[in-house]
Each structure stands twice: as C-alpha cells, then as structure tokens.
$ cat protein.cif   # mmCIF, C-alpha atoms
data_model
loop_
_atom_site.label_atom_id
_atom_site.label_comp_id
_atom_site.auth_asym_id
_atom_site.auth_seq_id
_atom_site.Cartn_x
_atom_site.Cartn_y
_atom_site.Cartn_z
CA MET A 215 8.28 -92.20 27.35
CA LYS A 216 6.01 -94.24 29.59
CA LEU A 217 4.26 -96.95 27.61
CA PRO A 218 0.51 -97.49 28.02
CA ASP A 219 -0.79 -100.71 29.59
CA ILE A 220 -2.60 -102.21 26.62
CA SER A 221 -2.84 -105.79 27.90
CA SER A 222 -5.52 -104.79 30.42
CA LYS A 223 -7.78 -103.21 27.77
CA SER A 224 -11.04 -105.04 27.15
CA ASP A 225 -10.58 -105.09 23.38
CA VAL A 226 -7.11 -106.61 23.73
CA ARG A 227 -8.38 -109.29 26.11
CA GLU A 228 -11.12 -110.08 23.59
CA LEU A 229 -8.55 -110.21 20.81
CA VAL A 230 -6.54 -112.73 22.84
CA ARG A 231 -9.68 -114.77 23.44
CA ARG A 232 -10.50 -114.92 19.74
CA ALA A 233 -6.90 -115.75 18.80
CA LEU A 234 -6.90 -118.67 21.23
CA LYS A 235 -10.25 -119.89 19.94
CA GLU A 236 -8.89 -119.80 16.40
CA ASP A 237 -5.83 -121.89 17.33
CA VAL A 238 -7.06 -124.20 20.10
CA GLY A 239 -10.62 -124.83 18.96
CA SER A 240 -12.00 -127.84 20.86
CA GLY A 241 -8.60 -128.65 22.38
CA ASP A 242 -4.90 -129.33 21.82
CA ILE A 243 -5.30 -132.98 20.87
CA THR A 244 -1.56 -133.64 20.54
CA SER A 245 -0.81 -132.51 24.09
CA ILE A 246 -3.89 -134.25 25.46
CA ALA A 247 -2.73 -137.46 23.82
CA LEU A 248 0.92 -137.31 24.87
CA VAL A 249 1.23 -135.20 28.04
CA GLU A 250 0.00 -136.25 31.49
CA SER A 251 -2.63 -133.82 32.75
CA GLY A 252 -0.72 -133.06 35.95
CA ALA A 253 2.76 -132.67 34.42
CA THR A 254 4.43 -129.33 35.15
CA ALA A 255 7.48 -127.60 33.70
CA LYS A 256 9.37 -124.39 33.19
CA ALA A 257 9.58 -122.82 29.74
CA SER A 258 11.62 -119.91 28.39
CA ILE A 259 10.95 -117.57 25.50
CA LEU A 260 14.29 -116.93 23.80
CA SER A 261 15.50 -114.37 21.27
CA ARG A 262 17.25 -115.64 18.15
CA GLY A 263 18.35 -112.19 16.99
CA ASN A 264 18.93 -108.55 17.87
CA TYR A 265 15.55 -106.99 18.57
CA THR A 266 13.63 -104.25 20.36
CA VAL A 267 11.05 -106.13 22.39
CA SER A 268 7.32 -105.46 22.33
CA GLY A 269 4.30 -107.49 23.40
CA THR A 270 5.40 -109.15 26.64
CA GLY A 271 2.22 -108.07 28.41
CA VAL A 272 0.06 -109.47 25.63
CA ALA A 273 1.98 -112.75 25.61
CA LYS A 274 1.56 -113.00 29.37
CA ALA A 275 -2.17 -112.37 28.97
CA VAL A 276 -2.37 -115.32 26.56
CA PHE A 277 -0.84 -117.74 29.08
CA LYS A 278 -3.00 -116.42 31.92
CA GLN A 279 -6.16 -116.69 29.84
CA VAL A 280 -5.38 -120.33 29.08
CA ASP A 281 -4.61 -121.13 32.72
CA SER A 282 -4.72 -118.61 35.54
CA ALA A 283 -2.41 -120.85 37.62
CA VAL A 284 0.45 -120.38 35.16
CA THR A 285 3.10 -117.92 36.37
CA CYS A 286 4.96 -115.66 33.94
CA THR A 287 8.12 -113.71 34.73
CA VAL A 288 9.13 -111.00 32.26
CA HIS A 289 12.90 -110.48 32.16
CA VAL A 290 13.02 -107.92 29.33
CA ARG A 291 10.59 -105.02 29.39
CA ASP A 292 8.92 -103.70 26.25
CA GLY A 293 11.17 -101.18 24.54
CA GLN A 294 14.39 -102.85 25.68
CA VAL A 295 16.91 -104.40 23.30
CA VAL A 296 17.87 -108.09 23.29
CA THR A 297 20.63 -110.08 21.64
CA PRO A 298 20.64 -113.71 20.46
CA GLY A 299 20.10 -116.14 23.32
CA ALA A 300 18.47 -113.64 25.66
CA VAL A 301 15.63 -114.95 27.83
CA ILE A 302 12.67 -112.62 27.40
CA MET A 303 10.19 -114.45 29.62
CA THR A 304 9.93 -117.59 31.72
CA ILE A 305 6.69 -119.49 32.25
CA ARG A 306 5.94 -122.10 34.91
CA GLY A 307 2.89 -124.31 35.15
CA ARG A 308 1.10 -127.24 33.60
CA VAL A 309 2.77 -128.43 30.43
CA ARG A 310 -0.53 -128.78 28.60
CA SER A 311 -1.38 -125.16 29.39
CA ILE A 312 2.02 -123.87 28.26
CA LEU A 313 1.83 -125.74 24.96
CA GLU A 314 -1.75 -124.66 24.35
CA ALA A 315 -0.79 -120.99 24.70
CA GLU A 316 2.63 -121.22 23.03
CA ARG A 317 1.88 -120.39 19.42
CA THR A 318 -0.66 -117.65 20.09
CA ALA A 319 1.65 -115.96 22.61
CA LEU A 320 4.59 -116.16 20.21
CA ASN A 321 2.54 -114.90 17.28
CA PHE A 322 1.71 -111.70 19.15
CA LEU A 323 5.20 -111.28 20.59
CA GLN A 324 7.01 -111.95 17.32
CA ARG A 325 4.80 -109.61 15.30
CA MET A 326 5.00 -106.77 17.79
CA THR A 327 8.74 -107.15 18.38
CA GLY A 328 9.33 -107.08 14.63
CA ILE A 329 7.48 -103.77 14.33
CA ALA A 330 9.30 -102.27 17.31
CA THR A 331 12.65 -103.32 15.86
CA VAL A 332 12.01 -101.79 12.44
CA THR A 333 10.77 -98.59 14.09
CA ALA A 334 13.86 -98.41 16.30
CA GLY A 335 16.04 -98.65 13.20
CA PHE A 336 14.38 -95.62 11.60
CA VAL A 337 14.46 -93.68 14.89
CA ALA A 338 18.20 -94.35 15.29
CA LYS A 339 18.86 -93.26 11.71
CA THR A 340 17.17 -89.88 12.22
CA ARG A 341 17.75 -89.12 15.91
CA CYS A 342 20.27 -86.34 15.32
CA TYR A 343 17.75 -84.40 13.20
CA GLY A 344 15.04 -84.21 15.88
CA VAL A 345 12.37 -85.51 13.50
CA THR A 346 9.40 -87.56 14.73
CA ILE A 347 8.88 -91.00 13.19
CA LEU A 348 5.15 -91.66 12.73
CA ASP A 349 3.13 -94.74 11.88
CA THR A 350 0.07 -94.83 9.61
CA ARG A 351 -3.26 -96.67 9.35
CA LYS A 352 -1.63 -99.36 7.17
CA THR A 353 -2.07 -101.96 9.89
CA THR A 354 -3.34 -105.53 10.12
CA PRO A 355 -7.15 -105.41 10.54
CA THR A 356 -8.14 -105.69 14.23
CA LEU A 357 -4.49 -105.48 15.38
CA ARG A 358 -4.05 -101.71 15.13
CA ARG A 359 -3.88 -101.04 18.86
CA LEU A 360 -1.14 -103.67 19.26
CA GLU A 361 0.83 -102.58 16.21
CA LYS A 362 0.73 -98.90 17.11
CA TYR A 363 1.81 -99.79 20.64
CA ALA A 364 4.77 -101.65 19.13
CA VAL A 365 5.74 -98.47 17.25
CA LEU A 366 5.87 -96.67 20.59
CA CYS A 367 8.12 -99.42 21.96
CA GLY A 368 10.52 -98.72 19.10
CA GLY A 369 10.69 -95.01 19.92
CA GLY A 370 8.25 -93.86 17.26
CA SER A 371 5.01 -91.92 17.69
CA ASN A 372 1.44 -92.63 16.70
CA HIS A 373 -0.38 -90.77 13.95
CA ARG A 374 -4.17 -90.87 14.12
CA MET A 375 -5.71 -94.08 15.41
CA GLY A 376 -8.49 -94.03 12.84
CA LEU A 377 -10.77 -91.89 10.73
CA PHE A 378 -12.39 -90.41 13.82
CA ASP A 379 -9.60 -88.59 15.67
CA ARG A 380 -8.07 -86.22 13.09
CA THR A 381 -9.22 -84.63 9.86
CA LEU A 382 -6.81 -85.64 7.09
CA ILE A 383 -7.72 -84.24 3.68
CA LYS A 384 -6.14 -86.59 1.13
CA ASP A 385 -6.10 -86.87 -2.65
CA ASN A 386 -9.55 -88.47 -3.05
CA HIS A 387 -11.16 -85.93 -0.72
CA ARG A 388 -9.60 -83.19 -2.82
CA ARG A 389 -10.90 -84.69 -6.07
CA ILE A 390 -14.47 -84.77 -4.75
CA TRP A 391 -14.11 -81.26 -3.33
CA THR A 392 -13.03 -79.99 -6.76
CA THR A 393 -15.56 -81.90 -8.88
CA ASP A 394 -18.37 -80.66 -6.68
CA GLY A 395 -17.58 -77.20 -7.94
CA LEU A 396 -16.11 -75.93 -4.69
CA ARG A 397 -12.86 -74.03 -4.91
CA GLY A 398 -9.63 -73.82 -3.00
CA LEU A 399 -7.64 -76.15 -0.80
CA GLY A 400 -7.59 -73.52 1.91
CA MET A 401 -11.39 -73.49 1.98
CA ALA A 402 -11.34 -77.26 2.47
CA VAL A 403 -9.23 -76.75 5.60
CA LEU A 404 -11.55 -74.06 6.94
CA THR A 405 -14.65 -76.15 6.24
CA ALA A 406 -13.21 -79.18 8.05
CA ARG A 407 -12.23 -77.05 11.06
CA HIS A 408 -15.68 -75.47 11.21
CA LYS A 409 -17.37 -78.88 11.12
CA TYR A 410 -15.10 -80.45 13.76
CA PRO A 411 -13.53 -77.59 15.74
CA GLY A 412 -12.05 -79.89 18.38
CA LYS A 413 -10.04 -81.97 15.93
CA GLN A 414 -6.67 -81.28 14.34
CA VAL A 415 -6.77 -80.60 10.61
CA GLU A 416 -4.15 -81.93 8.21
CA ILE A 417 -4.12 -81.60 4.44
CA GLU A 418 -2.02 -83.35 1.82
CA VAL A 419 -0.21 -81.26 -0.82
CA GLU A 420 1.84 -82.32 -3.80
CA SER A 421 3.73 -79.12 -4.67
CA LEU A 422 5.13 -75.90 -3.29
CA GLU A 423 2.31 -73.97 -4.96
CA GLU A 424 -0.32 -76.08 -3.18
CA LEU A 425 1.48 -75.49 0.11
CA ARG A 426 1.23 -71.75 -0.46
CA GLN A 427 -2.51 -72.12 -1.06
CA VAL A 428 -3.16 -73.85 2.27
CA LEU A 429 -0.85 -71.87 4.57
CA LYS A 430 -3.28 -68.97 4.75
CA SER A 431 -5.93 -71.24 6.27
CA LYS A 432 -3.49 -72.37 8.98
CA PRO A 433 -3.97 -76.16 9.12
CA ASP A 434 -2.38 -77.90 12.08
CA TRP A 435 -0.35 -80.15 9.77
CA VAL A 436 0.51 -80.28 6.09
CA LEU A 437 1.42 -83.65 4.57
CA LEU A 438 4.07 -83.36 1.85
CA ASP A 439 3.24 -86.30 -0.37
CA ASN A 440 5.87 -88.13 -2.43
CA MET A 441 8.26 -85.19 -2.64
CA ALA A 442 12.00 -85.38 -3.23
CA PRO A 443 14.25 -83.99 -0.48
CA GLY A 444 14.90 -80.82 -2.50
CA GLN A 445 11.16 -80.14 -2.81
CA ILE A 446 10.63 -80.82 0.89
CA LYS A 447 13.43 -78.42 1.81
CA ALA A 448 11.82 -75.70 -0.29
CA CYS A 449 8.50 -76.32 1.46
CA VAL A 450 10.15 -76.11 4.88
CA LYS A 451 11.66 -72.75 3.93
CA GLU A 452 8.36 -71.46 2.54
CA CYS A 453 6.47 -72.59 5.63
CA GLY A 454 8.83 -70.90 8.05
CA GLY A 455 7.39 -72.74 11.01
CA GLN A 456 3.80 -71.53 10.44
CA VAL A 457 2.46 -75.11 10.53
CA ARG A 458 3.96 -78.52 11.18
CA LEU A 459 5.12 -80.47 8.16
CA GLU A 460 4.97 -84.24 7.67
CA ALA A 461 6.77 -86.00 4.83
CA SER A 462 5.45 -89.28 3.48
CA GLY A 463 5.69 -91.55 0.46
CA GLY A 464 8.65 -93.37 -1.05
CA ILE A 465 10.78 -93.04 2.08
CA THR A 466 13.07 -95.94 2.95
CA MET A 467 16.04 -96.64 5.20
CA ARG A 468 18.26 -95.59 2.30
CA ASN A 469 16.89 -92.08 1.85
CA ILE A 470 15.35 -91.21 5.20
CA GLU A 471 18.39 -89.26 6.41
CA ALA A 472 18.16 -86.96 3.39
CA VAL A 473 14.46 -86.37 4.15
CA ALA A 474 15.10 -85.80 7.86
CA ALA A 475 17.86 -83.30 7.06
CA THR A 476 15.38 -81.01 5.26
CA GLY A 477 14.02 -79.80 8.61
CA VAL A 478 10.60 -81.44 8.28
CA ASP A 479 8.83 -82.03 11.63
CA ALA A 480 7.76 -85.64 11.08
CA ILE A 481 8.11 -88.56 8.69
CA SER A 482 5.32 -91.14 8.39
CA LEU A 483 6.10 -94.67 7.25
CA GLY A 484 3.59 -97.36 6.33
CA CYS A 485 6.37 -99.95 6.29
CA LEU A 486 6.63 -99.84 10.08
CA THR A 487 3.47 -101.90 10.31
CA HIS A 488 2.69 -103.35 6.88
CA SER A 489 6.12 -104.77 6.06
CA ALA A 490 7.96 -105.45 9.32
CA PRO A 491 9.32 -109.02 9.46
CA ALA A 492 8.39 -111.05 12.53
CA ALA A 493 11.13 -111.48 15.10
CA ASP A 494 12.68 -114.93 15.44
CA LEU A 495 11.66 -116.04 18.94
CA SER A 496 11.13 -119.51 20.36
CA LEU A 497 9.68 -121.19 23.43
CA GLU A 498 11.67 -124.02 24.93
CA LEU A 499 10.72 -126.35 27.77
CA ALA A 500 13.39 -126.94 30.40
#

$ encode --input "protein.cif" --output "structure tokens"
Amino acid sequence: MKLPDISSKSDVRELVRRALKEDVGSGDITSIALVESGATAKASILSRGNYTVSGTGVAKAVFKQVDSAVTCTVHVRDGQVVTPGAVIMTIRGRVRSILEAERTALNFLQRMTGIATVTAGFVAKTRCYGVTILDTRKTTPTLRRLEKYAVLCGGGSNHRMGLFDRTLIKDNHRRIWTTDGLRGLGMAVLTARHKYPGKQVEIEVESLEELRQVLKSKPDWVLLDNMAPGQIKACVKECGGQVRLEASGGITMRNIEAVAATGVDAISLGCLTHSAPAADLSLELA
C-alpha cells in the first residue's frame, strides 16, 4: 500500500512548530554556551532494536524547520524493518541546529515507530486469516493523524478518523435511544442512515440476538463487542456475509489468532495507539 505524505500537511507542520516551541522556547542555552555558532557535523539516527519504522518524514520536517540549510538523508523508508545498529537517517549541518531539533525529531520518530512495530506484530499474527487489523480513536490528543499513519506503516488499516466520518452507534447511544422511548436497534441504524446518507453506518452489539435484530436494517458494519471466540464464530455464521463484522474488546496478542480464525472481517485494537512502547532510537554525532 502506498503511504500518504503526511509531513507536507499544514496541520502536521503546525504540530512540529508547536512541539519545537515547547522544547526550545527562547533557545538551546546549553548548545549556545558550548558549541561554536559555525561548527558543523554529521549525525546519525540509529536503531537499538528490531522495529518497523515510521515517522522519518516528520523527523526530517523537524530538522528542516529548525534550519533549512540542514540536509537529511533517509536510509530506511517508513514501513521497512530495521535491526539493532541500523542507520535510519543521517543529518548534516550546523551542530547547534542538529542538537536543537534532536529531541523533538526523536520523540516523533520513536513514538510512531513504536506504534508501527506493535501493529506489524498483530498483522503478522493474523495474516493467514485475511483479517484486517484496525486502529481506534484511542489516540494521543492532537497526534491522531501521526499515530494512524504509523498504523498504516505497520500494515494495519485506519478506522474512522473522528466522530465526523462514520456513524458508530455505541452503548451510550443505545441507552439514550432506549430511554427516549424509541424502540429497536434496527430503527437506530435506519435513522442514522436517513440523517447522513453518505456515511457508513456501524452499530455495536453484545449478543447473537442483538445481531439478528440489526441485520434486517443492513448496516455497513456490525461491531461485536467483548465477545468470546465461540460467540463471534456464531455471529459470523448467522451473518452469512450480509454485513461486515468487526470484533473488538479484550483482544491481545495471546488470543488474537483465535478471534481471527472465527472468520470475522476486521479486528480493532486500542492498544495499537494507546499502549505501544516507544522505540529505542538515538542520535549520535560523528
């Protein structure tokens, strides 16, 4: 899959600007005190582990925003795998500029590479079943575009970007729908589709009986929430391919193969973005 160019997006450039302002403030006083203004050097960003890389374009944007004269050479493209000692990127330019950008660039690159690596692990575990690994909205505030891009780098797919691009009828929506005196999960699907006919409609169910209720209204997706593999398998059989089924809740690396083997179309995992450990990367001056 061709990855989108996120580093050129205006919101990402603004995110880089704010991240640098947060870290640099009025200036890198240590480098100003100890490094000659005209000193130049080469630096390398190195991997300390086995990772699927993500965020090289964003890291490059950090260095270029600090100093447009800095040159960055990316040796490992996003989505590629590295081993310990691999050189991901080399940077040449003024030492003060490299050190000023170092931590911000690494913060983005380490976070995004960590997400891509976790995603790649789940994708590898389920590849033979043909199931799609999806992310969720459980992302770091303001970093969603970057974190969802990192999921793509790991071979996963993106669920909805936000509340605006897909109708997803969840447990709290259903409670309000019921307490308002309105009846039927299927009617909730039809109402949502009527209100926003151009958007996909997904509804969460918690049992086989609830699945039967909503199938007649033909949602685009049904989310099987916190079901055991046996329950999911029964839902897949009942559905018979009428709608696409997504499993979510309580799924880990230990049990994901059992879930994937049920024949479900997709598995969504909040842990891809909310719990991924940062990759161990470092920048070293030559």

$ closest_residue --input "protein.cif" --among "A:Arg426, A:Arg306, A:His488, A:Lys447" --to "Val365 in chain A" --atoms "only C-alpha atoms"
A:His488

$ resolve_selection --input "protein.cif" --expression "the PyMOL selection byres ((chain A and resi 285-293) around 7)" --output "ChimeraX atom specification"
/A:266-270,274,283-284,294-295,301-307,367-368

$ resolve_selection --input "protein.cif" --expression "the PyMOL selection byres ((chain A and resi 455-457) around 12)" --output "list in words"
Gln414, Val415, Glu416, Ile417, Leu425, Arg426, Val428, Leu429, Lys430, Ser431, Lys432, Pro433, Asp434, Trp435, Val436, Leu437, Cys449, Val450, Lys451, Glu452, Cys453, Gly454, Arg458, Leu459, Glu460, Gly477, Val478, Asp479 and Ala480 of chain A

$ axis_aligned_box --input "protein.cif" --around "range 226-229 of chain A" --padding-each-side "3 Å" --output "JSON"
{"center_x": -9.1, "center_y": -108.4, "center_z": 23.5, "size_x": 10.0, "size_y": 9.6, "size_z": 11.3}

$ resolve_selection --input "protein.cif" --expression "the PyMOL selection byres ((chain A and resi 339-345) around 9)" --output "list in words"
Ala334, Gly335, Phe336, Val337, Ala338, Thr346, Ile347, Met467, Ile470, Glu471, Ala474, Ala475, Thr476, Gly477, Val478, Asp479, Ala480 and Ile481 of chain A

$ closest_residue --input "protein.cif" --among "A:Leu499, A:Met215, A:Leu234, A:Ala402" --to "Ile390 in chain A" --atoms "all atoms listed in the file"
A:Ala402

$ closest_residue --input "protein.cif" --among "A:Arg359, A:Arg231, A:Lys352, A:Lys384" --to "Ala319 in chain A" --atoms "all atoms listed in the file"
A:Arg231

$ residues_around --input "protein.cif" --residues "Asp237 in chain A" --least-positions-apart "5" --cutoff "9 Å" --atoms "only C-alpha atoms" --output "NGL selection string"
:A and (232 or 242 or 314-315 or 317-318)

$ residues_around --input "protein.cif" --residues "Pro411 in chain A" --least-positions-apart "2" --cutoff "12 Å" --atoms "all atoms listed in the file" --output "JSON, numbers by chain"
{"A": [379, 380, 381, 403, 404, 405, 406, 407, 408, 409, 413, 414, 415, 433, 434]}

$ closest_residue --input "protein.cif" --among "A:Thr254, A:Asn469, A:Gln427, A:Ser245" --to "Ala442 in chain A" --atoms "only C-alpha atoms"
A:Asn469

$ residues_around --input "protein.cif" --residues "Glu316 in chain A" --least-positions-apart "5" --cutoff "10 Å" --atoms "all atoms listed in the file" --output "mmCIF file with C-alpha atoms, in the frame of the given file"
data_model
loop_
_atom_site.group_PDB
_atom_site.id
_atom_site.type_symbol
_atom_site.label_atom_id
_atom_site.label_comp_id
_atom_site.auth_asym_id
_atom_site.auth_seq_id
_atom_site.Cartn_x
_atom_site.Cartn_y
_atom_site.Cartn_z
ATOM 1 C CA ALA A 257 9.580 -122.820 29.740
ATOM 2 C CA ILE A 259 10.950 -117.570 25.500
ATOM 3 C CA ALA A 273 1.980 -112.750 25.610
ATOM 4 C CA VAL A 276 -2.370 -115.320 26.560
ATOM 5 C CA PHE A 277 -0.840 -117.740 29.080
ATOM 6 C CA ARG A 310 -0.530 -128.780 28.600
ATOM 7 C CA SER A 311 -1.380 -125.160 29.390
ATOM 8 C CA ASN A 321 2.540 -114.900 17.280
ATOM 9 C CA SER A 496 11.130 -119.510 20.360
ATOM 10 C CA LEU A 497 9.680 -121.190 23.430
ATOM 11 C CA GLU A 498 11.670 -124.020 24.930
#

$ closest_residue --input "protein.cif" --among "A:Arg262, A:Lys235, A:Lys256, A:Arg325" --to "Thr487 in chain A" --atoms "all atoms listed in the file"
A:Arg325

$ atom_distance --input "protein.cif" --atom1 "CA of Asp349 in chain A" --atom2 "CA of Val473 in chain A"
16.1 Å

$ closest_residue --input "protein.cif" --among "A:Ala490, A:Met326, A:Ile383, A:Val280" --to "Lys362 in chain A" --atoms "only C-alpha atoms"
A:Met326

$ atom_distance --input "protein.cif" --atom1 "CA of Phe322 in chain A" --atom2 "CA of Ala300 in chain A"
18.1 Å

$ atom_distance --input "protein.cif" --atom1 "CA of Ser482 in chain A" --atom2 "CA of Ser462 in chain A"
5.3 Å

$ decode --input "protein.cif" --residues "range 348-454 of chain A" --atoms "C-alpha atoms" --output "PDB file, in the first residue's frame"
ATOM      1  CA  LEU A 348      -7.904  -1.669  12.587  1.00  0.00           C
ATOM      2  CA  ASP A 349      -6.962   1.166  14.909  1.00  0.00           C
ATOM      3  CA  THR A 350      -9.391   3.183  17.053  1.00  0.00           C
ATOM      4  CA  ARG A 351      -9.831   6.754  18.300  1.00  0.00           C
ATOM      5  CA  LYS A 352      -7.827   5.928  21.449  1.00  0.00           C
ATOM      6  CA  THR A 353      -5.002   8.202  20.365  1.00  0.00           C
ATOM      7  CA  THR A 354      -2.873  10.907  21.963  1.00  0.00           C
ATOM      8  CA  PRO A 355      -4.771  14.227  21.678  1.00  0.00           C
ATOM      9  CA  THR A 356      -3.581  16.236  18.631  1.00  0.00           C
ATOM     10  CA  LEU A 357      -1.387  13.345  17.400  1.00  0.00           C
ATOM     11  CA  ARG A 358      -4.112  11.256  15.754  1.00  0.00           C
ATOM     12  CA  ARG A 359      -3.021  11.864  12.165  1.00  0.00           C
ATOM     13  CA  LEU A 360       0.535  10.779  13.001  1.00  0.00           C
ATOM     14  CA  GLU A 361      -0.490   7.765  15.055  1.00  0.00           C
ATOM     15  CA  LYS A 362      -2.961   6.497  12.481  1.00  0.00           C
ATOM     16  CA  TYR A 363      -0.314   6.956   9.791  1.00  0.00           C
ATOM     17  CA  ALA A 364       2.021   4.818  11.915  1.00  0.00           C
ATOM     18  CA  VAL A 365      -0.635   2.070  11.963  1.00  0.00           C
ATOM     19  CA  LEU A 366      -0.588   2.110   8.163  1.00  0.00           C
ATOM     20  CA  CYS A 367       3.204   1.773   8.230  1.00  0.00           C
ATOM     21  CA  GLY A 368       2.776  -1.389  10.293  1.00  0.00           C
ATOM     22  CA  GLY A 369       0.390  -2.916   7.756  1.00  0.00           C
ATOM     23  CA  GLY A 370      -2.814  -2.082   9.601  1.00  0.00           C
ATOM     24  CA  SER A 371      -5.785  -0.045   8.400  1.00  0.00           C
ATOM     25  CA  ASN A 372      -7.493   3.039   9.744  1.00  0.00           C
ATOM     26  CA  HIS A 373     -10.945   3.010  11.300  1.00  0.00           C
ATOM     27  CA  ARG A 374     -12.767   6.344  11.337  1.00  0.00           C
ATOM     28  CA  MET A 375     -10.618   9.418  11.836  1.00  0.00           C
ATOM     29  CA  GLY A 376     -13.126  11.055  14.156  1.00  0.00           C
ATOM     30  CA  LEU A 377     -16.776  11.476  15.030  1.00  0.00           C
ATOM     31  CA  PHE A 378     -17.487  13.077  11.671  1.00  0.00           C
ATOM     32  CA  ASP A 379     -16.677  10.425   9.065  1.00  0.00           C
ATOM     33  CA  ARG A 380     -18.707   7.359  10.102  1.00  0.00           C
ATOM     34  CA  THR A 381     -21.800   6.735  12.186  1.00  0.00           C
ATOM     35  CA  LEU A 382     -20.908   4.340  15.006  1.00  0.00           C
ATOM     36  CA  ILE A 383     -23.810   3.548  17.318  1.00  0.00           C
ATOM     37  CA  LYS A 384     -22.237   2.505  20.630  1.00  0.00           C
ATOM     38  CA  ASP A 385     -23.522   1.534  24.065  1.00  0.00           C
ATOM     39  CA  ASN A 386     -24.263   5.062  25.322  1.00  0.00           C
ATOM     40  CA  HIS A 387     -26.082   5.985  22.107  1.00  0.00           C
ATOM     41  CA  ARG A 388     -28.186   2.866  22.542  1.00  0.00           C
ATOM     42  CA  ARG A 389     -29.032   3.720  26.152  1.00  0.00           C
ATOM     43  CA  ILE A 390     -30.284   7.175  25.175  1.00  0.00           C
ATOM     44  CA  TRP A 391     -32.179   5.736  22.211  1.00  0.00           C
ATOM     45  CA  THR A 392     -33.964   3.298  24.541  1.00  0.00           C
ATOM     46  CA  THR A 393     -34.679   5.699  27.416  1.00  0.00           C
ATOM     47  CA  ASP A 394     -36.191   8.177  24.991  1.00  0.00           C
ATOM     48  CA  GLY A 395     -38.899   5.628  24.371  1.00  0.00           C
ATOM     49  CA  LEU A 396     -37.789   4.735  20.859  1.00  0.00           C
ATOM     50  CA  ARG A 397     -37.626   1.070  20.001  1.00  0.00           C
ATOM     51  CA  GLY A 398     -35.351  -1.246  18.117  1.00  0.00           C
ATOM     52  CA  LEU A 399     -31.670  -1.316  17.266  1.00  0.00           C
ATOM     53  CA  GLY A 400     -32.544  -1.736  13.615  1.00  0.00           C
ATOM     54  CA  MET A 401     -34.507   1.514  13.687  1.00  0.00           C
ATOM     55  CA  ALA A 402     -31.438   3.257  15.099  1.00  0.00           C
ATOM     56  CA  VAL A 403     -29.471   2.112  12.044  1.00  0.00           C
ATOM     57  CA  LEU A 404     -32.167   3.291   9.641  1.00  0.00           C
ATOM     58  CA  THR A 405     -32.469   6.655  11.390  1.00  0.00           C
ATOM     59  CA  ALA A 406     -28.717   7.261  11.242  1.00  0.00           C
ATOM     60  CA  ARG A 407     -28.601   6.338   7.541  1.00  0.00           C
ATOM     61  CA  HIS A 408     -31.521   8.638   6.765  1.00  0.00           C
ATOM     62  CA  LYS A 409     -29.862  11.544   8.567  1.00  0.00           C
ATOM     63  CA  TYR A 410     -26.439  11.030   6.953  1.00  0.00           C
ATOM     64  CA  PRO A 411     -26.991   9.003   3.772  1.00  0.00           C
ATOM     65  CA  GLY A 412     -23.425   9.485   2.543  1.00  0.00           C
ATOM     66  CA  LYS A 413     -21.795   7.984   5.623  1.00  0.00           C
ATOM     67  CA  GLN A 414     -21.212   4.353   6.550  1.00  0.00           C
ATOM     68  CA  VAL A 415     -23.275   3.097   9.470  1.00  0.00           C
ATOM     69  CA  GLU A 416     -21.880   0.763  12.115  1.00  0.00           C
ATOM     70  CA  ILE A 417     -23.625  -0.472  15.232  1.00  0.00           C
ATOM     71  CA  GLU A 418     -22.274  -2.238  18.301  1.00  0.00           C
ATOM     72  CA  VAL A 419     -23.977  -5.435  19.506  1.00  0.00           C
ATOM     73  CA  GLU A 420     -23.313  -7.572  22.551  1.00  0.00           C
ATOM     74  CA  SER A 421     -25.099 -10.820  21.675  1.00  0.00           C
ATOM     75  CA  LEU A 422     -26.246 -13.039  18.839  1.00  0.00           C
ATOM     76  CA  GLU A 423     -29.839 -11.936  19.456  1.00  0.00           C
ATOM     77  CA  GLU A 424     -28.888  -8.270  19.035  1.00  0.00           C
ATOM     78  CA  LEU A 425     -27.085  -9.140  15.810  1.00  0.00           C
ATOM     79  CA  ARG A 426     -30.267 -10.725  14.491  1.00  0.00           C
ATOM     80  CA  GLN A 427     -32.166  -7.526  15.331  1.00  0.00           C
ATOM     81  CA  VAL A 428     -29.859  -5.282  13.299  1.00  0.00           C
ATOM     82  CA  LEU A 429     -29.229  -7.476  10.250  1.00  0.00           C
ATOM     83  CA  LYS A 430     -32.608  -6.615   8.754  1.00  0.00           C
ATOM     84  CA  SER A 431     -31.661  -2.929   8.643  1.00  0.00           C
ATOM     85  CA  LYS A 432     -28.449  -3.760   6.745  1.00  0.00           C
ATOM     86  CA  PRO A 433     -25.782  -1.653   8.489  1.00  0.00           C
ATOM     87  CA  ASP A 434     -22.453  -1.424   6.705  1.00  0.00           C
ATOM     88  CA  TRP A 435     -20.635  -2.826   9.742  1.00  0.00           C
ATOM     89  CA  VAL A 436     -21.565  -4.543  12.979  1.00  0.00           C
ATOM     90  CA  LEU A 437     -19.161  -4.268  15.925  1.00  0.00           C
ATOM     91  CA  LEU A 438     -19.100  -7.434  18.053  1.00  0.00           C
ATOM     92  CA  ASP A 439     -18.200  -6.061  21.453  1.00  0.00           C
ATOM     93  CA  ASN A 440     -16.286  -8.094  24.046  1.00  0.00           C
ATOM     94  CA  MET A 441     -17.351 -11.469  22.703  1.00  0.00           C
ATOM     95  CA  ALA A 442     -15.510 -14.753  23.178  1.00  0.00           C
ATOM     96  CA  PRO A 443     -14.288 -16.509  20.015  1.00  0.00           C
ATOM     97  CA  GLY A 444     -17.160 -19.018  20.203  1.00  0.00           C
ATOM     98  CA  GLN A 445     -19.730 -16.207  20.274  1.00  0.00           C
ATOM     99  CA  ILE A 446     -18.007 -14.416  17.407  1.00  0.00           C
ATOM    100  CA  LYS A 447     -17.996 -17.596  15.325  1.00  0.00           C
ATOM    101  CA  ALA A 448     -21.736 -17.999  15.887  1.00  0.00           C
ATOM    102  CA  CYS A 449     -22.284 -14.395  14.783  1.00  0.00           C
ATOM    103  CA  VAL A 450     -20.211 -14.936  11.643  1.00  0.00           C
ATOM    104  CA  LYS A 451     -22.345 -17.965  10.775  1.00  0.00           C
ATOM    105  CA  GLU A 452     -25.588 -16.095  11.474  1.00  0.00           C
ATOM    106  CA  CYS A 453     -24.471 -13.114   9.402  1.00  0.00           C
ATOM    107  CA  GLY A 454     -23.552 -15.197   6.378  1.00  0.00           C
TER     108      GLY A 454
END
